[in-house]
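Just below is one structure, and these are the notes that go with it.
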Amino acid sequence: QALAGGVTHVPLLQMAWRKHLHELQEDGKYEVVLDRTLNEKLGIEVSRWHSGEPALLILAIGEGLVAEWNASGNGRRVRTGDSIVDVNGTRDDPDLLVEELQKQTVLTCTMRPSDASDPLHLRPTRAELNDGLVNWRREMAASALE
C-alpha cells in the first residue's frame, strides 16, 4: 500500500542531531528532521516493507517537506528507493511508522539509503520530473515564438 503525504518548511534543529547524525553515518543510515507542526504534507509515497529490517520504502517524492529538505542542502538528500526505518524512536513496524509520520509534530526520521545499483534509486523524483517538464515547456514556448 502507498501513503501520499506532503511536506514544506524544514527546521534545521542542527545542534540537536549533529552528534547523532555522525553515529548514524557509520552504518550508512542518515537522519532527516521535518517540521510537520503546521500539518504540512510530506510529499512522499511509500510502501510498507516487512522483509529484513521493517521499513517504509520511498516510491516517489513530490512537492512537500521532503522535497524542501532536499532543496535546502542541509543534509543528505532523500532519494527514491531509500527507506524510513525509524520515526521519533518508533521502529520495527511499518504501520506504526505510518502513524508516526501522520502526526503534527517535528519528525526525526532515520533513513537507510538504497543500493546505488537499485533501479528504483535511479528513478528521478517527481520534483525532478516536474522541473524537466517545465523547462521543456518553456523551451517549446520560446521556440514557437521565434
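Within each chain, counting starts at residue 1; across the C-alpha cells, chains are named A, B, ... in the order shown, with ligands numbered 1 upward in that order.
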
I'd like the neighbourhood of segment 98-111 of chain A as a PyMOL selection string, where a residue qualifies if any of its atoms comes within 8 Å (using only C-alpha atoms), though same-chain residues fewer than 6 positions away should be ignored. chain A and resi 3+29-39+56+82-88+90

Please report, as a list of chain:residue names, each residue of segment 54-106 of chain A to which DSSP assigns alpha helix (DSSP H) when run on this structure's backbone. A:Leu65, A:Val66, A:Ala67, A:Glu68, A:Trp69, A:Asn70, A:Ala71, A:Ser72, A:Pro94, A:Asp95, A:Leu96, A:Leu97, A:Val98, A:Glu99, A:Glu100, A:Leu101

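For the pair atom CA of Leu96 of chain A and atom CA of Pro54 of chain A, the separation is 10.5 Å.
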
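If you count only C-alpha atoms and ignore residues fewer than 6 places along the chain from Asn70 of chain A, what sits within 10 Å of it is Val10, Val32, Arg76, Arg77, Val78 and Arg79 of chain A.
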
Okay, now the selection with N, CA, C and O atoms, as a compact mmCIF listing (two decimals), in the first residue's frame?
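Written out: part_18.txt:
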```txt
# COMPACT_ATOMS: atom_id res chain seq x y z
N VAL A 10 11.33 23.10 6.57
CA VAL A 10 12.07 22.14 7.37
C VAL A 10 12.99 22.88 8.34
O VAL A 10 13.93 23.53 7.93
N VAL A 32 16.91 12.72 8.91
CA VAL A 32 16.21 13.86 8.32
C VAL A 32 15.24 14.38 9.37
O VAL A 32 14.53 13.60 10.00
N ARG A 76 21.87 15.05 3.90
CA ARG A 76 21.85 14.12 2.79
C ARG A 76 20.47 14.13 2.13
O ARG A 76 19.46 14.15 2.80
N ARG A 77 20.45 14.12 0.83
CA ARG A 77 19.20 14.13 0.08
C ARG A 77 18.48 12.79 0.20
O ARG A 77 19.09 11.74 0.10
N VAL A 78 17.18 12.87 0.40
CA VAL A 78 16.33 11.68 0.40
C VAL A 78 16.08 11.33 -1.06
O VAL A 78 15.75 12.19 -1.87
N ARG A 79 16.25 10.05 -1.40
CA ARG A 79 16.08 9.61 -2.79
C ARG A 79 15.03 8.52 -2.87
O ARG A 79 14.81 7.77 -1.92
```

Near-Leu59 of chain A list (6 Å; only C-alpha atoms; drop same-chain fewer than 4 positions) as a list in words: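 Result of the neighbour search: Glu45, Val46 and Thr80 of chain A.
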